[in-house]
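Pasting my_file-v4.cif here (mmCIF, C-alpha atoms):
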data_query
#
loop_
_atom_site.label_atom_id
_atom_site.label_comp_id
_atom_site.auth_asym_id
_atom_site.auth_seq_id
_atom_site.Cartn_x
_atom_site.Cartn_y
_atom_site.Cartn_z
CA MET A 1 11.10 -6.83 -6.67
CA GLU A 2 7.39 -6.22 -6.10
CA MET A 3 6.25 -5.18 -2.63
CA ASP A 4 3.90 -8.20 -2.42
CA GLU A 5 6.90 -10.50 -2.92
CA VAL A 6 8.89 -8.64 -0.26
CA ILE A 7 6.01 -8.91 2.21
CA GLU A 8 5.58 -12.62 1.49
CA LYS A 9 9.31 -13.28 1.99
CA VAL A 10 9.38 -11.42 5.31
CA ILE A 11 6.27 -13.24 6.51
CA ASN A 12 7.96 -16.53 5.55
CA GLY A 13 10.96 -15.72 7.75
CA GLU A 14 13.34 -14.15 5.23
CA ASN A 15 13.92 -11.09 7.42
CA ARG A 16 16.67 -9.59 5.26
CA TYR A 17 13.98 -8.50 2.77
CA PHE A 18 12.45 -6.16 5.34
CA VAL A 19 15.11 -3.62 4.32
CA HIS A 20 13.40 -3.33 0.92
CA LEU A 21 10.15 -2.43 2.62
CA ILE A 22 11.89 0.19 4.77
CA LYS A 23 13.65 1.75 1.79
CA HIS A 24 10.38 1.94 -0.14
CA TYR A 25 8.31 3.59 2.61
CA GLU A 26 10.81 5.38 4.86
CA GLN A 27 10.79 8.84 3.26
CA LYS A 28 7.03 8.95 2.67
CA ILE A 29 6.31 7.85 6.21
CA PHE A 30 8.84 10.29 7.67
CA THR A 31 7.25 13.16 5.73
CA THR A 32 3.82 12.18 7.02
CA VAL A 33 4.97 11.78 10.62
CA ILE A 34 6.90 15.07 10.76
CA ARG A 35 3.88 16.94 9.41
CA ILE A 36 1.68 15.39 12.08
CA VAL A 37 3.95 15.64 15.13
CA ARG A 38 5.88 18.77 14.00
CA ASN A 39 9.16 17.78 15.60
CA ARG A 40 12.07 16.23 13.69
CA ALA A 41 13.63 14.28 16.58
CA VAL A 42 10.28 12.90 17.69
CA ALA A 43 9.40 12.04 14.07
CA GLU A 44 12.62 10.05 13.69
CA ASP A 45 11.81 8.06 16.84
CA ILE A 46 8.22 7.49 15.75
CA VAL A 47 9.31 6.25 12.32
CA GLN A 48 11.51 3.67 14.03
CA ASP A 49 8.58 2.64 16.22
CA ILE A 50 6.39 2.36 13.12
CA PHE A 51 8.79 0.00 11.37
CA ILE A 52 9.16 -2.10 14.51
CA LYS A 53 5.37 -2.33 14.72
CA VAL A 54 5.11 -3.17 11.00
CA TYR A 55 7.77 -5.88 11.35
CA TYR A 56 6.03 -7.57 14.27
CA SER A 57 2.53 -7.12 12.81
CA LEU A 58 3.25 -8.06 9.20
CA HIS A 59 1.89 -11.57 9.70
CA MET A 60 -1.52 -9.97 10.49
CA TYR A 61 -1.68 -8.12 7.18
CA GLU A 62 -4.54 -9.52 5.12
CA LYS A 63 -3.91 -9.39 1.41
CA THR A 64 -7.54 -8.54 0.72
CA GLY A 65 -6.89 -4.85 1.42
CA SER A 66 -4.30 -2.37 0.31
CA PHE A 67 -0.88 -2.61 1.95
CA ASN A 68 -0.57 1.19 1.66
CA ALA A 69 -3.74 1.61 3.68
CA TRP A 70 -2.60 -0.99 6.22
CA ILE A 71 0.79 0.62 6.82
CA TYR A 72 -0.59 4.19 6.94
CA ARG A 73 -3.21 3.06 9.45
CA ILE A 74 -0.28 2.09 11.70
CA VAL A 75 1.37 5.47 10.99
CA VAL A 76 -1.77 7.42 11.91
CA ASN A 77 -2.45 5.35 15.03
CA ILE A 78 1.08 5.75 16.39
CA CYS A 79 1.09 9.48 15.63
CA PHE A 80 -2.29 9.96 17.31
CA ASP A 81 -1.09 8.01 20.34
CA TYR A 82 1.91 10.34 20.58
CA LEU A 83 -0.26 13.46 20.19
CA ARG A 84 -2.69 12.26 22.85
CA LYS A 85 0.22 11.82 25.25
CA GLN A 86 1.61 15.26 24.41
CA LYS A 87 -1.80 16.96 24.51
CA HIS A 88 -1.19 18.59 21.13
CA GLN A 89 1.90 20.64 21.98
CA THR A 90 3.04 21.88 18.56
CA THR A 91 6.29 23.37 17.36
CA PRO A 92 7.23 24.70 13.93
CA VAL A 93 7.98 22.06 11.33
CA ASP A 94 11.65 21.80 10.40
CA ILE A 95 11.75 20.43 6.87
CA ASP A 96 14.96 20.15 4.88
CA ILE A 97 15.03 22.40 1.86
CA PRO A 98 16.96 21.10 -1.14
CA ASP A 99 19.54 22.96 -3.22
CA SER A 100 21.35 24.98 -0.59
CA ARG A 101 23.57 26.60 -3.22
CA TYR A 102 21.06 29.41 -3.60
CA PRO A 103 20.40 31.15 -0.27
CA GLU A 104 17.58 33.29 -1.68
CA LYS A 105 15.81 30.13 -2.83
CA ILE A 106 16.12 28.70 0.67
CA VAL A 107 14.60 31.81 2.24
CA LEU A 108 11.70 31.81 -0.23
CA LEU A 109 11.03 28.09 0.21
CA ARG A 110 11.14 28.39 4.01
CA GLU A 111 8.73 31.32 3.86
CA ARG A 112 6.39 29.39 1.58
CA ASN A 113 6.54 26.30 3.81
CA GLU A 114 5.81 28.39 6.91
CA GLN A 115 2.81 30.02 5.21
CA LEU A 116 1.56 26.62 4.04
CA GLU A 117 1.87 25.19 7.55
CA GLN A 118 -0.03 28.18 8.98
CA LEU A 119 -2.79 27.58 6.45
CA LEU A 120 -2.95 23.88 7.19
CA GLN A 121 -3.06 24.53 10.96
CA GLN A 122 -6.46 26.12 10.45
CA LEU A 123 -7.97 22.82 9.30
CA ASP A 124 -9.47 20.16 11.52
CA GLU A 125 -7.15 17.26 12.32
CA ILE A 126 -8.96 14.77 10.07
CA ASP A 127 -9.24 17.26 7.18
CA TYR A 128 -5.51 17.91 7.48
CA LEU A 129 -4.77 14.18 7.44
CA VAL A 130 -6.97 13.62 4.38
CA LEU A 131 -5.03 16.30 2.48
CA LEU A 132 -1.71 14.93 3.69
CA LEU A 133 -2.50 11.34 2.76
CA LYS A 134 -3.86 12.34 -0.66
CA TYR A 135 -1.38 14.94 -1.85
CA VAL A 136 1.82 14.11 0.03
CA ASN A 137 1.55 10.32 0.14
CA GLY A 138 -0.53 9.77 -3.00
CA LEU A 139 -3.05 7.42 -1.41
CA SER A 140 -6.29 6.74 -3.26
CA TYR A 141 -9.66 7.77 -1.85
CA TYR A 142 -10.30 4.13 -0.97
CA GLU A 143 -6.98 3.80 0.88
CA ILE A 144 -7.62 7.04 2.79
CA SER A 145 -11.04 5.76 3.78
CA GLU A 146 -9.42 2.55 5.10
CA VAL A 147 -6.66 4.41 6.96
CA LEU A 148 -8.94 6.92 8.66
CA GLN A 149 -11.86 4.50 8.92
CA ILE A 150 -14.32 6.90 7.33
CA SER A 151 -16.59 6.42 4.33
CA LEU A 152 -15.53 7.13 0.74
CA ASN A 153 -18.06 9.97 0.60
CA ASP A 154 -16.56 11.49 3.75
CA VAL A 155 -13.11 11.40 2.12
CA ARG A 156 -14.44 13.19 -0.97
CA ASN A 157 -16.35 15.73 1.10
CA LYS A 158 -13.43 16.44 3.42
CA LEU A 159 -11.06 16.95 0.49
CA HIS A 160 -13.50 19.28 -1.22
CA ARG A 161 -14.27 21.29 1.92
CA SER A 162 -10.61 21.50 2.95
CA LYS A 163 -9.54 22.81 -0.44
CA ARG A 164 -12.42 25.28 -0.45
CA LYS A 165 -11.53 26.48 3.07
CA LEU A 166 -7.85 26.88 2.15
CA ARG A 167 -8.82 28.82 -0.99
CA SER A 168 -11.04 31.09 1.08
CA ILE A 169 -8.32 31.76 3.66
CA VAL A 170 -5.75 32.47 0.96
CA THR A 171 -7.98 34.94 -0.89
CA THR A 172 -8.73 36.88 2.28
CA LYS A 173 -5.27 36.85 3.86
CA GLY A 174 -3.06 36.92 0.77
CA GLY A 175 0.56 35.82 1.05
CA TYR A 176 2.59 33.59 -1.21
CA PHE A 177 -0.32 31.35 -2.19
CA TYR A 178 -2.59 34.28 -3.07
CA GLU A 179 -0.51 34.84 -6.18
CA MET A 180 -1.05 31.26 -7.38
#
As structure tokens, how would this structure be written, given the file I've shared?
Amino acid sequence: MEMDEVIEKVINGENRYFVHLIKHYEQKIFTTVIRIVRNRAVAEDIVQDIFIKVYYSLHMYEKTGSFNAWIYRIVVNICFDYLRKQKHQTTPVDIDIPDSRYPEKIVLLRERNEQLEQLLQQLDEIDYLVLLLKYVNGLSYYEISEVLQISLNDVRNKLHRSKRKLRSIVTTKGGYFYEM
């Protein structure tokens, strides 16, 4: 079933179809939220809040824009609200690593993830979000511009500058990504 059909059915009162929407977006949204708030328990709570907000706001979605952009705008707003309340207290990201049969793989993946997080911490908040929305969530430039309410040129520039900054940091500091 297409997402537009699901949205239409939920708007028309067929609430049981909301589960399809949750299943489609849950993992992507959770990944985005945990990378922004950097706390698994808080991320789980925020994801629930996001879906509650989506459910009660779905009737306000205008089909002229992208649903991806609409839902990620809610994600970003709720995460920013949380961060403002917490005054940017950060903790290390705890991300599940697949394939636990190989302990050496787990150690290497954890090390790589920690180095990546340290690199990303050096970016401005908006630059970090642009990278996250583009490469983790697969949003288009247009959708990112809608979500963050910045121009298309700003999205392009921020992506370019962020990648250039990351490349510069990696070449000077080395580490796992230096070898790539």
If you take every atom of segment 114-131 of chain A that the file lists and fit an axis-aligned box around them with 6 Å extra on each side, what centre and edge lengths come out in Å to one decimal, as lines of an AutoDock Vina configuration file?
center_x = -1.8
center_y = 21.8
center_z = 7.4
size_x = 27.3
size_y = 28.4
size_z = 21.8
- Computed interatomic separation between atom CA of Lys53 of chain A and atom CA of Asp127 of chain A (Å):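 Separating atom CA of Lys53 of chain A from atom CA of Asp127 of chain A is a distance of 25.6 Å.
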- Specify as a PyMOL selection string each residue included when the PyMOL selection byres ((chain A and resi 156) around 12) is applied to this file. chain A and resi 127+130-131+134+140-142+144-145+150-155+157-163
- Message: As a check of understanding, name the residues that the PyMOL selection byres ((chain A and resi 33) around 10) selects in the supplied structure, as a list in words.
- Response: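 This file gives the following for the PyMOL selection byres ((chain A and resi 33) around 10): Gln27, Lys28, Ile29, Phe30, Thr31, Thr32, Ile34, Arg35, Ile36, Val37, Arg38, Asn39, Arg40, Val42, Ala43, Glu44, Asp45, Ile46, Val47, Ile50, Val75, Val76, Ile78 and Cys79 of chain A.
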- Query: Pick from A:His59, A:Phe80, A:Phe51, A:Ile22: nearest to Lys9 of chain A, with all atoms listed in the file counted?
  - Reply: A:His59
